[in-house]
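Below is one structure, written out as structure tokens, with a few remarks after it.
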Amino acid sequence: MNDTSILTIAVIGGGPGGYAAAFLAADLGMKVTLINEEPNPGGVCLYRGCIPSKALLHVAKLINESRHAKEWGIEFGEPKVDVARLRSWKAGVVGKLTGGLGKLASLRQIEYIQGRASFRNSNTLKIDTVAGATDIRVFDRIIIATGSRPTAIPAFNSSSPRILDSTGALALLDIPKTMLIVGGGYIGLELGTVYAALGTRVSIVEMLPGLLTGADRDLVAPLQRRMEKSFDSIMLNTTVASIKEEAQEMHVTFEGVTVKEREKIFEKVLVSVGRTPNSVIPGIQNTKVEVNARGFIQVNQHMQTCDPAIYAIGDVAGDPMLAHKAVHQGNVAAEHIAGHDVAFEPKAIPAVIFTDPEIAWCGLTETQAQKEGREIAISKFPWAASGRATTLDRTEGLTKLLFDPKTETLLGMGIVGPEAGEMIAEGVLAVEMGVTASKLKTTIHAHPTLSETVMESAELFFGQSSHFFRPKPSKAPSVEGAVK
Ligand code: FAD
């Protein structure tokens, strides 16, 4: 390791990427300044993304489960929602975590500046603090971790309080009677799940033929079936032509060949059509940093930009825009600055949709393999054959493994069902370690758990599974063939 004690580092942005980079750089002996807009580190993820949404999704899960319990002979009645208290509980979760990060930064003797940074040149930043001070500072290296923001549709009057983005929806000012969600991506579906559980009649409009584009269709199908029951409507192949506010109502018109009702009225509209990287940092043109056509800062495998003194990580540095990817990129940037031989070259980055059921995948997907014309062997274990899923009364799930047909190495895993987000960790480790179908099959999984479906899916690769009968000659497994 090089002597890093003399290196001064500035990190712009205190989200999961920025604070991970700052903390590791400090642990590696560098003198670190972290400049961030909020009072504590946390970024979008902690203040207005992953954490508040998951706190509310936990509540949604409880409500949905208690409603479901009626079918098992347990009735709780309709929930009474105290929105103010729910909001303050969510704020408490955020405050606890961001406050903790603030303490961790100060324990590491990181200089935390609440403010905005802009570039003078490759090594010099202008820092405008929230207290109104301005400082010009020179650093050996600068890490850009400015993240992303909700993509706005200029044609919609986003100044109306009835048009929300994800931040506005997470603020949970009230529980509207009706809400239209524009965009069938994961953020829209997660927030739709929350509002539907709290009592809002939710509709979704998506211009593409399916929800969650990019995810395998067999994983999306069980979620869509459930949402068709809990949501008012799911309008696919449909675009929003106009949104007009009249008498405290949002009048929305739709276009598309399958559209049945051209105009509908909603109390609120949530626009959730993706996120835009925050790469337009004032003064960045005075450096050698390059931004690609999609607005992402271009980086190499060490997270170094075209300017050797500047690194970029997280949402601003490209897809997938996920907190755990940002963290790992932050670690790579800090270590590379420290002179370590590191690169960001993961085989598998997990993606989790925290809806009900959850969807999770990692590594190669079937959709991707088809696009690339890549030969794969797929093994699917339907949860109708899982003892644990039956005890939970959630047999709609599916565990799917993608193998290299020649080496029998696991290339990817996809799961739909409750706890898919927890289960996918096994897939990530297995893909990273190059685990084979035979090793997965012979790894003992505890009974009765949902994780057994991973092992049984690997058994099915060889045409063997105690709980799933597949008649010979081999034929694709089907739910009908399941024997509990
Ligand atoms: P960010 O978290 O975006 O943080 C960037 C920070 O930089 C911000 O605090 C910003 O204020 C600050 N900043 C920007 N410009 C400047 C400047 N010039 N000077 C100073 N500070 C600046 N990801 C997951 O992995 N799992 C999830 O479950 C998940 N759920 C999500 C739910 C929602 C509703 C949303 C919106 C996002 C969710 N994400 C989730 C995505 C996740 O939040 C992002 O991928 C992650 O926060 C990116 O981290 P980052 O470090 O790149 O930057």
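Note on naming: chains are A, B, ... as they come in the structure tokens, residues start from 1 per chain, ligands start from 1 in the order shown.
Of the residues in segment 321-374 of chain A, those given alpha helix (DSSP H) by DSSP on the backbone are Ala323, His324, Lys325, Ala326, Val327, His328, Gln329, Gly330, Asn331, Val332, Ala333, Ala334, Glu335, His336, Ile337, Glu366, Thr367, Gln368, Ala369, Gln370, Lys371 and Glu372 of chain A.
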How would you report the residues lying within 7 Å of ligand 1, as a PDB file with N, CA and C atoms, in the first residue's frame, if you count only C-alpha atoms and all ligand atoms?
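Okay, this is what ended up in out.pdb:
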ATOM      1  N   ILE A  12     -17.801  14.762  -3.128  1.00  0.00           N
ATOM      2  CA  ILE A  12     -18.981  15.627  -3.337  1.00  0.00           C
ATOM      3  C   ILE A  12     -20.210  14.737  -3.354  1.00  0.00           C
ATOM      4  N   GLY A  13     -21.050  14.859  -2.342  1.00  0.00           N
ATOM      5  CA  GLY A  13     -22.263  14.051  -2.257  1.00  0.00           C
ATOM      6  C   GLY A  13     -22.112  12.989  -1.183  1.00  0.00           C
ATOM      7  N   GLY A  14     -23.066  12.949  -0.260  1.00  0.00           N
ATOM      8  CA  GLY A  14     -22.955  12.036   0.890  1.00  0.00           C
ATOM      9  C   GLY A  14     -23.961  10.913   0.863  1.00  0.00           C
ATOM     10  N   GLY A  15     -24.302  10.414  -0.336  1.00  0.00           N
ATOM     11  CA  GLY A  15     -25.175   9.241  -0.433  1.00  0.00           C
ATOM     12  C   GLY A  15     -24.380   7.976  -0.128  1.00  0.00           C
ATOM     13  N   PRO A  16     -24.985   6.793  -0.370  1.00  0.00           N
ATOM     14  CA  PRO A  16     -24.296   5.531  -0.058  1.00  0.00           C
ATOM     15  C   PRO A  16     -22.920   5.419  -0.720  1.00  0.00           C
ATOM     16  N   GLY A  17     -22.789   5.940  -1.939  1.00  0.00           N
ATOM     17  CA  GLY A  17     -21.486   5.899  -2.615  1.00  0.00           C
ATOM     18  C   GLY A  17     -20.522   6.852  -1.956  1.00  0.00           C
ATOM     19  N   GLY A  18     -20.971   8.087  -1.759  1.00  0.00           N
ATOM     20  CA  GLY A  18     -20.103   9.132  -1.216  1.00  0.00           C
ATOM     21  C   GLY A  18     -19.643   8.848   0.195  1.00  0.00           C
ATOM     22  N   ILE A  35     -18.547  16.855   1.300  1.00  0.00           N
ATOM     23  CA  ILE A  35     -19.445  18.010   1.092  1.00  0.00           C
ATOM     24  C   ILE A  35     -20.794  17.476   0.643  1.00  0.00           C
ATOM     25  N   ASN A  36     -21.830  17.837   1.362  1.00  0.00           N
ATOM     26  CA  ASN A  36     -23.143  17.271   1.071  1.00  0.00           C
ATOM     27  C   ASN A  36     -24.231  18.271   1.431  1.00  0.00           C
ATOM     28  N   GLU A  37     -25.339  18.209   0.702  1.00  0.00           N
ATOM     29  CA  GLU A  37     -26.385  19.209   0.910  1.00  0.00           C
ATOM     30  C   GLU A  37     -27.174  19.019   2.206  1.00  0.00           C
ATOM     31  N   GLU A  38     -27.301  17.764   2.644  1.00  0.00           N
ATOM     32  CA  GLU A  38     -28.143  17.518   3.820  1.00  0.00           C
ATOM     33  C   GLU A  38     -27.331  17.653   5.119  1.00  0.00           C
ATOM     34  N   GLY A  42     -26.115  10.371   3.926  1.00  0.00           N
ATOM     35  CA  GLY A  42     -27.276   9.498   3.696  1.00  0.00           C
ATOM     36  C   GLY A  42     -27.768   9.576   2.262  1.00  0.00           C
ATOM     37  N   GLY A  43     -27.776  10.801   1.716  1.00  0.00           N
ATOM     38  CA  GLY A  43     -28.158  10.973   0.310  1.00  0.00           C
ATOM     39  C   GLY A  43     -29.603  10.601   0.045  1.00  0.00           C
ATOM     40  N   VAL A  44     -29.888  10.376  -1.217  1.00  0.00           N
ATOM     41  CA  VAL A  44     -31.247  10.023  -1.643  1.00  0.00           C
ATOM     42  C   VAL A  44     -31.689   8.760  -0.918  1.00  0.00           C
ATOM     43  N   CYS A  45     -30.804   7.791  -0.837  1.00  0.00           N
ATOM     44  CA  CYS A  45     -31.159   6.476  -0.292  1.00  0.00           C
ATOM     45  C   CYS A  45     -31.769   6.600   1.106  1.00  0.00           C
ATOM     46  N   ARG A  48     -34.667  10.098   1.071  1.00  0.00           N
ATOM     47  CA  ARG A  48     -35.880  10.100   0.234  1.00  0.00           C
ATOM     48  C   ARG A  48     -35.903   8.951  -0.762  1.00  0.00           C
ATOM     49  N   GLY A  49     -35.346   7.804  -0.384  1.00  0.00           N
ATOM     50  CA  GLY A  49     -35.306   6.656  -1.299  1.00  0.00           C
ATOM     51  C   GLY A  49     -35.489   5.343  -0.561  1.00  0.00           C
ATOM     52  N   CYS A  50     -34.429   4.533  -0.576  1.00  0.00           N
ATOM     53  CA  CYS A  50     -34.482   3.152  -0.058  1.00  0.00           C
ATOM     54  C   CYS A  50     -35.120   3.065   1.338  1.00  0.00           C
ATOM     55  N   SER A  53     -38.865   4.412   1.917  1.00  0.00           N
ATOM     56  CA  SER A  53     -39.803   3.564   1.157  1.00  0.00           C
ATOM     57  C   SER A  53     -39.927   2.192   1.812  1.00  0.00           C
ATOM     58  N   LYS A  54     -38.809   1.670   2.308  1.00  0.00           N
ATOM     59  CA  LYS A  54     -38.894   0.326   2.925  1.00  0.00           C
ATOM     60  C   LYS A  54     -39.591   0.369   4.281  1.00  0.00           C
ATOM     61  N   GLY A 115     -23.240  21.773   2.395  1.00  0.00           N
ATOM     62  CA  GLY A 115     -23.243  22.818   1.373  1.00  0.00           C
ATOM     63  C   GLY A 115     -23.175  22.219  -0.015  1.00  0.00           C
ATOM     64  N   ARG A 116     -22.882  23.053  -0.980  1.00  0.00           N
ATOM     65  CA  ARG A 116     -22.797  22.610  -2.386  1.00  0.00           C
ATOM     66  C   ARG A 116     -21.399  22.875  -2.905  1.00  0.00           C
ATOM     67  N   ALA A 117     -20.887  21.935  -3.685  1.00  0.00           N
ATOM     68  CA  ALA A 117     -19.547  22.108  -4.251  1.00  0.00           C
ATOM     69  C   ALA A 117     -19.651  22.325  -5.748  1.00  0.00           C
ATOM     70  N   SER A 118     -18.766  23.168  -6.287  1.00  0.00           N
ATOM     71  CA  SER A 118     -18.643  23.307  -7.737  1.00  0.00           C
ATOM     72  C   SER A 118     -17.155  23.332  -8.064  1.00  0.00           C
ATOM     73  N   ALA A 145     -19.877  12.105  -6.253  1.00  0.00           N
ATOM     74  CA  ALA A 145     -20.912  11.126  -5.853  1.00  0.00           C
ATOM     75  C   ALA A 145     -22.228  11.872  -5.708  1.00  0.00           C
ATOM     76  N   THR A 146     -22.563  12.633  -6.737  1.00  0.00           N
ATOM     77  CA  THR A 146     -23.712  13.542  -6.647  1.00  0.00           C
ATOM     78  C   THR A 146     -25.056  12.876  -6.937  1.00  0.00           C
ATOM     79  N   GLY A 147     -25.038  11.597  -7.278  1.00  0.00           N
ATOM     80  CA  GLY A 147     -26.287  10.836  -7.390  1.00  0.00           C
ATOM     81  C   GLY A 147     -27.191  11.247  -8.529  1.00  0.00           C
ATOM     82  N   SER A 148     -28.493  11.168  -8.273  1.00  0.00           N
ATOM     83  CA  SER A 148     -29.484  11.410  -9.329  1.00  0.00           C
ATOM     84  C   SER A 148     -30.726  12.052  -8.725  1.00  0.00           C
ATOM     85  N   ARG A 149     -31.628  12.480  -9.588  1.00  0.00           N
ATOM     86  CA  ARG A 149     -32.889  13.105  -9.146  1.00  0.00           C
ATOM     87  C   ARG A 149     -34.028  12.557 -10.004  1.00  0.00           C
ATOM     88  N   PRO A 150     -35.275  12.684  -9.536  1.00  0.00           N
ATOM     89  CA  PRO A 150     -36.384  12.169 -10.346  1.00  0.00           C
ATOM     90  C   PRO A 150     -36.448  12.894 -11.689  1.00  0.00           C
ATOM     91  N   SER A 166     -41.204  10.964  -6.529  1.00  0.00           N
ATOM     92  CA  SER A 166     -41.054   9.971  -5.450  1.00  0.00           C
ATOM     93  C   SER A 166     -40.821  10.649  -4.102  1.00  0.00           C
ATOM     94  N   THR A 167     -40.105  11.789  -4.117  1.00  0.00           N
ATOM     95  CA  THR A 167     -39.834  12.491  -2.854  1.00  0.00           C
ATOM     96  C   THR A 167     -41.154  12.989  -2.254  1.00  0.00           C
ATOM     97  N   ILE A 187     -39.813   1.963  -8.676  1.00  0.00           N
ATOM     98  CA  ILE A 187     -40.160   2.990  -7.679  1.00  0.00           C
ATOM     99  C   ILE A 187     -41.671   3.223  -7.681  1.00  0.00           C
ATOM    100  N   ASN A 278     -27.059  13.493 -11.695  1.00  0.00           N
ATOM    101  CA  ASN A 278     -26.680  14.880 -11.372  1.00  0.00           C
ATOM    102  C   ASN A 278     -25.250  15.144 -11.845  1.00  0.00           C
ATOM    103  N   ILE A 281     -22.571  19.617 -12.931  1.00  0.00           N
ATOM    104  CA  ILE A 281     -22.045  20.286 -11.735  1.00  0.00           C
ATOM    105  C   ILE A 281     -21.353  21.565 -12.230  1.00  0.00           C
ATOM    106  N   ILE A 313     -18.684   7.955  -8.886  1.00  0.00           N
ATOM    107  CA  ILE A 313     -19.269   6.701  -8.390  1.00  0.00           C
ATOM    108  C   ILE A 313     -20.779   6.836  -8.231  1.00  0.00           C
ATOM    109  N   GLY A 314     -21.452   5.683  -8.147  1.00  0.00           N
ATOM    110  CA  GLY A 314     -22.889   5.682  -7.844  1.00  0.00           C
ATOM    111  C   GLY A 314     -23.752   6.045  -9.038  1.00  0.00           C
ATOM    112  N   ASP A 315     -24.922   6.602  -8.746  1.00  0.00           N
ATOM    113  CA  ASP A 315     -25.923   6.885  -9.783  1.00  0.00           C
ATOM    114  C   ASP A 315     -25.375   7.787 -10.888  1.00  0.00           C
ATOM    115  N   VAL A 316     -24.476   8.706 -10.529  1.00  0.00           N
ATOM    116  CA  VAL A 316     -23.977   9.653 -11.534  1.00  0.00           C
ATOM    117  C   VAL A 316     -23.020   8.972 -12.519  1.00  0.00           C
ATOM    118  N   MET A 321     -28.769   2.047 -11.154  1.00  0.00           N
ATOM    119  CA  MET A 321     -28.791   3.087 -10.116  1.00  0.00           C
ATOM    120  C   MET A 321     -29.289   2.446  -8.822  1.00  0.00           C
ATOM    121  N   LEU A 322     -28.371   1.851  -8.103  1.00  0.00           N
ATOM    122  CA  LEU A 322     -28.709   1.142  -6.869  1.00  0.00           C
ATOM    123  C   LEU A 322     -27.696   1.481  -5.783  1.00  0.00           C
ATOM    124  N   ALA A 323     -28.183   1.537  -4.548  1.00  0.00           N
ATOM    125  CA  ALA A 323     -27.339   1.956  -3.429  1.00  0.00           C
ATOM    126  C   ALA A 323     -26.136   1.029  -3.231  1.00  0.00           C
ATOM    127  N   HIS A 324     -26.369  -0.295  -3.299  1.00  0.00           N
ATOM    128  CA  HIS A 324     -25.266  -1.225  -3.016  1.00  0.00           C
ATOM    129  C   HIS A 324     -24.203  -1.173  -4.110  1.00  0.00           C
ATOM    130  N   ALA A 326     -23.456   1.644  -5.652  1.00  0.00           N
ATOM    131  CA  ALA A 326     -22.752   2.890  -5.318  1.00  0.00           C
ATOM    132  C   ALA A 326     -21.709   2.642  -4.220  1.00  0.00           C
ATOM    133  N   VAL A 352     -33.495  -5.783  -6.412  1.00  0.00           N
ATOM    134  CA  VAL A 352     -34.648  -6.240  -5.623  1.00  0.00           C
ATOM    135  C   VAL A 352     -35.790  -5.244  -5.770  1.00  0.00           C
ATOM    136  N   PHE A 354     -39.119  -4.362  -3.906  1.00  0.00           N
ATOM    137  CA  PHE A 354     -39.678  -4.694  -2.590  1.00  0.00           C
ATOM    138  C   PHE A 354     -41.198  -4.601  -2.580  1.00  0.00           C
TER     139      PHE A 354
END
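Coordinates place atom CA of Ala317 of chain A at a distance of 27.5 Å from atom CA of Ala155 of chain A.
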Exercise. Go ahead and compute the interatomic distance for atom CA of Leu180 of chain A and atom CA of Asp165 of chain A, in Å to one decimal.
Key: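 That distance, rounded to one decimal, is 11.6 Å.
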Practice problem: Write out as a list in words all residues of segment 332-394 of chain A that DSSP puts in strand (DSSP E or B) for this structure's backbone. | Solution: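 So, restricting segment 332-394 of chain A to strand (DSSP E or B), we get Ala351, Val352, Ile353, Glu358, Ile359, Ala360, Trp361, Cys362, Gly363, Ala377, Ile378, Ser379, Lys380, Phe381 and Pro382 of chain A.
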Limited to all heavy atoms, could you put the picked residues into a file as an mmCIF file, in the first residue's frame?
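Saved to selection-v8.cif:
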data_model
loop_
_atom_site.group_PDB
_atom_site.id
_atom_site.type_symbol
_atom_site.label_atom_id
_atom_site.label_comp_id
_atom_site.auth_asym_id
_atom_site.auth_seq_id
_atom_site.Cartn_x
_atom_site.Cartn_y
_atom_site.Cartn_z
ATOM 1 N N ALA A 351 -30.646 -7.079 -7.876
ATOM 2 C CA ALA A 351 -31.708 -6.075 -8.022
ATOM 3 C C ALA A 351 -32.909 -6.610 -7.258
ATOM 4 O O ALA A 351 -33.261 -7.784 -7.412
ATOM 5 C CB ALA A 351 -32.064 -5.896 -9.493
ATOM 6 N N VAL A 352 -33.495 -5.783 -6.412
ATOM 7 C CA VAL A 352 -34.648 -6.240 -5.623
ATOM 8 C C VAL A 352 -35.790 -5.244 -5.770
ATOM 9 O O VAL A 352 -35.589 -4.045 -5.626
ATOM 10 C CB VAL A 352 -34.280 -6.382 -4.121
ATOM 11 C CG1 VAL A 352 -35.485 -6.869 -3.324
ATOM 12 C CG2 VAL A 352 -33.101 -7.323 -3.913
ATOM 13 N N ILE A 353 -36.968 -5.765 -6.064
ATOM 14 C CA ILE A 353 -38.173 -4.931 -6.085
ATOM 15 C C ILE A 353 -38.939 -5.325 -4.824
ATOM 16 O O ILE A 353 -39.365 -6.477 -4.691
ATOM 17 C CB ILE A 353 -39.073 -5.224 -7.323
ATOM 18 C CG1 ILE A 353 -38.236 -5.510 -8.594
ATOM 19 C CG2 ILE A 353 -40.089 -4.115 -7.538
ATOM 20 C CD1 ILE A 353 -37.536 -4.390 -9.208
ATOM 21 N N GLU A 358 -42.128 -9.929 -3.555
ATOM 22 C CA GLU A 358 -40.891 -9.296 -3.985
ATOM 23 C C GLU A 358 -40.361 -9.993 -5.242
ATOM 24 O O GLU A 358 -40.658 -11.169 -5.491
ATOM 25 C CB GLU A 358 -39.841 -9.405 -2.874
ATOM 26 C CG GLU A 358 -40.208 -8.608 -1.634
ATOM 27 C CD GLU A 358 -39.188 -8.675 -0.515
ATOM 28 O OE1 GLU A 358 -38.205 -9.461 -0.612
ATOM 29 O OE2 GLU A 358 -39.370 -7.957 0.476
ATOM 30 N N ILE A 359 -39.576 -9.249 -5.997
ATOM 31 C CA ILE A 359 -38.877 -9.848 -7.144
ATOM 32 C C ILE A 359 -37.405 -9.537 -6.955
ATOM 33 O O ILE A 359 -37.047 -8.411 -6.583
ATOM 34 C CB ILE A 359 -39.352 -9.252 -8.490
ATOM 35 C CG1 ILE A 359 -40.841 -9.518 -8.697
ATOM 36 C CG2 ILE A 359 -38.550 -9.816 -9.654
ATOM 37 C CD1 ILE A 359 -41.395 -8.972 -10.006
ATOM 38 N N ALA A 360 -36.550 -10.524 -7.187
ATOM 39 C CA ALA A 360 -35.105 -10.272 -7.061
ATOM 40 C C ALA A 360 -34.381 -11.091 -8.105
ATOM 41 O O ALA A 360 -34.814 -12.194 -8.467
ATOM 42 C CB ALA A 360 -34.639 -10.677 -5.661
ATOM 43 N N TRP A 361 -33.311 -10.534 -8.599
ATOM 44 C CA TRP A 361 -32.491 -11.306 -9.534
ATOM 45 C C TRP A 361 -31.050 -10.853 -9.429
ATOM 46 O O TRP A 361 -30.750 -9.793 -8.881
ATOM 47 C CB TRP A 361 -33.006 -11.199 -10.971
ATOM 48 C CG TRP A 361 -32.892 -9.863 -11.610
ATOM 49 C CD1 TRP A 361 -31.834 -9.383 -12.312
ATOM 50 C CD2 TRP A 361 -33.885 -8.812 -11.622
ATOM 51 N NE1 TRP A 361 -32.092 -8.111 -12.766
ATOM 52 C CE2 TRP A 361 -33.337 -7.737 -12.351
ATOM 53 C CE3 TRP A 361 -35.166 -8.682 -11.085
ATOM 54 C CZ2 TRP A 361 -34.027 -6.540 -12.551
ATOM 55 C CZ3 TRP A 361 -35.853 -7.498 -11.293
ATOM 56 C CH2 TRP A 361 -35.283 -6.455 -12.021
ATOM 57 N N CYS A 362 -30.154 -11.664 -9.980
ATOM 58 C CA CYS A 362 -28.750 -11.274 -10.029
ATOM 59 C C CYS A 362 -28.080 -12.022 -11.175
ATOM 60 O O CYS A 362 -28.580 -13.056 -11.619
ATOM 61 C CB CYS A 362 -28.044 -11.582 -8.713
ATOM 62 S SG CYS A 362 -27.802 -13.323 -8.420
ATOM 63 N N GLY A 363 -26.967 -11.467 -11.629
ATOM 64 C CA GLY A 363 -26.232 -12.101 -12.728
ATOM 65 C C GLY A 363 -27.028 -12.048 -14.016
ATOM 66 O O GLY A 363 -27.781 -11.104 -14.263
ATOM 67 N N ALA A 377 -29.075 -23.020 -19.797
ATOM 68 C CA ALA A 377 -30.018 -24.042 -19.319
ATOM 69 C C ALA A 377 -30.756 -23.427 -18.135
ATOM 70 O O ALA A 377 -30.127 -22.883 -17.226
ATOM 71 C CB ALA A 377 -29.256 -25.275 -18.879
ATOM 72 N N ILE A 378 -32.099 -23.499 -18.188
ATOM 73 C CA ILE A 378 -32.895 -22.862 -17.121
ATOM 74 C C ILE A 378 -33.584 -23.931 -16.292
ATOM 75 O O ILE A 378 -34.149 -24.880 -16.826
ATOM 76 C CB ILE A 378 -33.964 -21.923 -17.720
ATOM 77 C CG1 ILE A 378 -33.277 -20.807 -18.525
ATOM 78 C CG2 ILE A 378 -34.833 -21.317 -16.630
ATOM 79 C CD1 ILE A 378 -34.236 -19.851 -19.180
ATOM 80 N N SER A 379 -33.526 -23.733 -14.990
ATOM 81 C CA SER A 379 -34.199 -24.657 -14.096
ATOM 82 C C SER A 379 -35.113 -23.858 -13.174
ATOM 83 O O SER A 379 -34.650 -22.930 -12.518
ATOM 84 C CB SER A 379 -33.115 -25.374 -13.292
ATOM 85 O OG SER A 379 -33.682 -26.367 -12.542
ATOM 86 N N LYS A 380 -36.413 -24.214 -13.170
ATOM 87 C CA LYS A 380 -37.361 -23.423 -12.375
ATOM 88 C C LYS A 380 -38.045 -24.296 -11.333
ATOM 89 O O LYS A 380 -38.562 -25.357 -11.679
ATOM 90 C CB LYS A 380 -38.460 -22.855 -13.278
ATOM 91 C CG LYS A 380 -37.991 -21.875 -14.316
ATOM 92 C CD LYS A 380 -39.209 -21.367 -15.059
ATOM 93 C CE LYS A 380 -38.836 -20.688 -16.342
ATOM 94 N NZ LYS A 380 -39.995 -20.195 -17.070
ATOM 95 N N PHE A 381 -38.075 -23.821 -10.109
ATOM 96 C CA PHE A 381 -38.799 -24.547 -9.069
ATOM 97 C C PHE A 381 -40.000 -23.715 -8.622
ATOM 98 O O PHE A 381 -39.844 -22.637 -8.027
ATOM 99 C CB PHE A 381 -37.889 -24.836 -7.867
ATOM 100 C CG PHE A 381 -38.528 -25.732 -6.850
ATOM 101 C CD1 PHE A 381 -38.533 -27.106 -7.027
ATOM 102 C CD2 PHE A 381 -39.161 -25.203 -5.739
ATOM 103 C CE1 PHE A 381 -39.141 -27.951 -6.096
ATOM 104 C CE2 PHE A 381 -39.768 -26.034 -4.803
ATOM 105 C CZ PHE A 381 -39.760 -27.414 -4.992
ATOM 106 N N PRO A 382 -41.221 -24.201 -8.908
ATOM 107 C CA PRO A 382 -42.409 -23.434 -8.507
ATOM 108 C C PRO A 382 -42.680 -23.583 -7.013
ATOM 109 O O PRO A 382 -42.588 -24.688 -6.469
ATOM 110 C CB PRO A 382 -43.527 -24.081 -9.337
ATOM 111 C CG PRO A 382 -43.044 -25.433 -9.671
ATOM 112 C CD PRO A 382 -41.550 -25.454 -9.596
#
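Neighbours of Thr367 of chain A closer than or equal to 9 Å, with only C-alpha atoms counted and sequence neighbours fewer than 2 positions away skipped, come out as Gly214, Ala215, Asp216, Arg217, Leu364, Thr365, Ala369, Gln370, Lys371 and Glu372 of chain A.
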Quiz item: Neighbours of segment 447-451 of chain A within 10 Å (only C-alpha atoms; same-chain residues fewer than 5 positions away dropped), as a PyMOL selection string?
Solution: chain A and resi 383+386-392+397+399+417-420+422-424+426+456
Exercise. Determine, counting only C-alpha atoms, which protein, DNA and RNA residues have an atom within 12 Å of an atom of Ile63 of chain A; residues of the same chain fewer than 5 positions away are not included. Present the result as a list in words.
Key: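 Those residues are Leu56, Leu57, His58, His68, Ala69, Lys70, Glu75, Phe76, Gly77, Glu78, Pro79, Lys80, Val81, Thr193, Val194, Tyr195, Ala196, Ala197, Leu198, Gly199 and Asp356 of chain A.
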Practice problem: Identify, on the basis of only C-alpha atoms, every residue whose closest approach to Thr407 of chain A does not exceed 10 Å; exclude the query and any residue fewer than 6 positions from it along the same chain; express the result as a ChimeraX atom specification. | Solution: /A:434,436-437
For the residues selected in the previous step, produce a file with N, CA and C atoms as a PDB file, in the first residue's frame.
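What landed in result36.pdb:
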ATOM      1  N   GLY A 434     -18.689 -18.857  -8.825  1.00  0.00           N
ATOM      2  CA  GLY A 434     -18.706 -19.812  -9.930  1.00  0.00           C
ATOM      3  C   GLY A 434     -19.201 -21.188  -9.501  1.00  0.00           C
ATOM      4  N   THR A 436     -21.341 -24.588  -9.166  1.00  0.00           N
ATOM      5  CA  THR A 436     -22.000 -25.435 -10.168  1.00  0.00           C
ATOM      6  C   THR A 436     -23.354 -25.933  -9.661  1.00  0.00           C
ATOM      7  N   ALA A 437     -24.155 -26.438 -10.596  1.00  0.00           N
ATOM      8  CA  ALA A 437     -25.479 -26.980 -10.258  1.00  0.00           C
ATOM      9  C   ALA A 437     -25.335 -28.109  -9.235  1.00  0.00           C
TER      10      ALA A 437
END
Practice problem: Give me the residues within 9 Å of segment 151-154 of chain A as a list in words, counting only C-alpha atoms and dropping any in the same chain fewer than 5 places off. | Solution: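 These residues fall inside the cut-off: Asp165, Val271, Ser272, Val273, Gly274, Arg275 and Thr276 of chain A.
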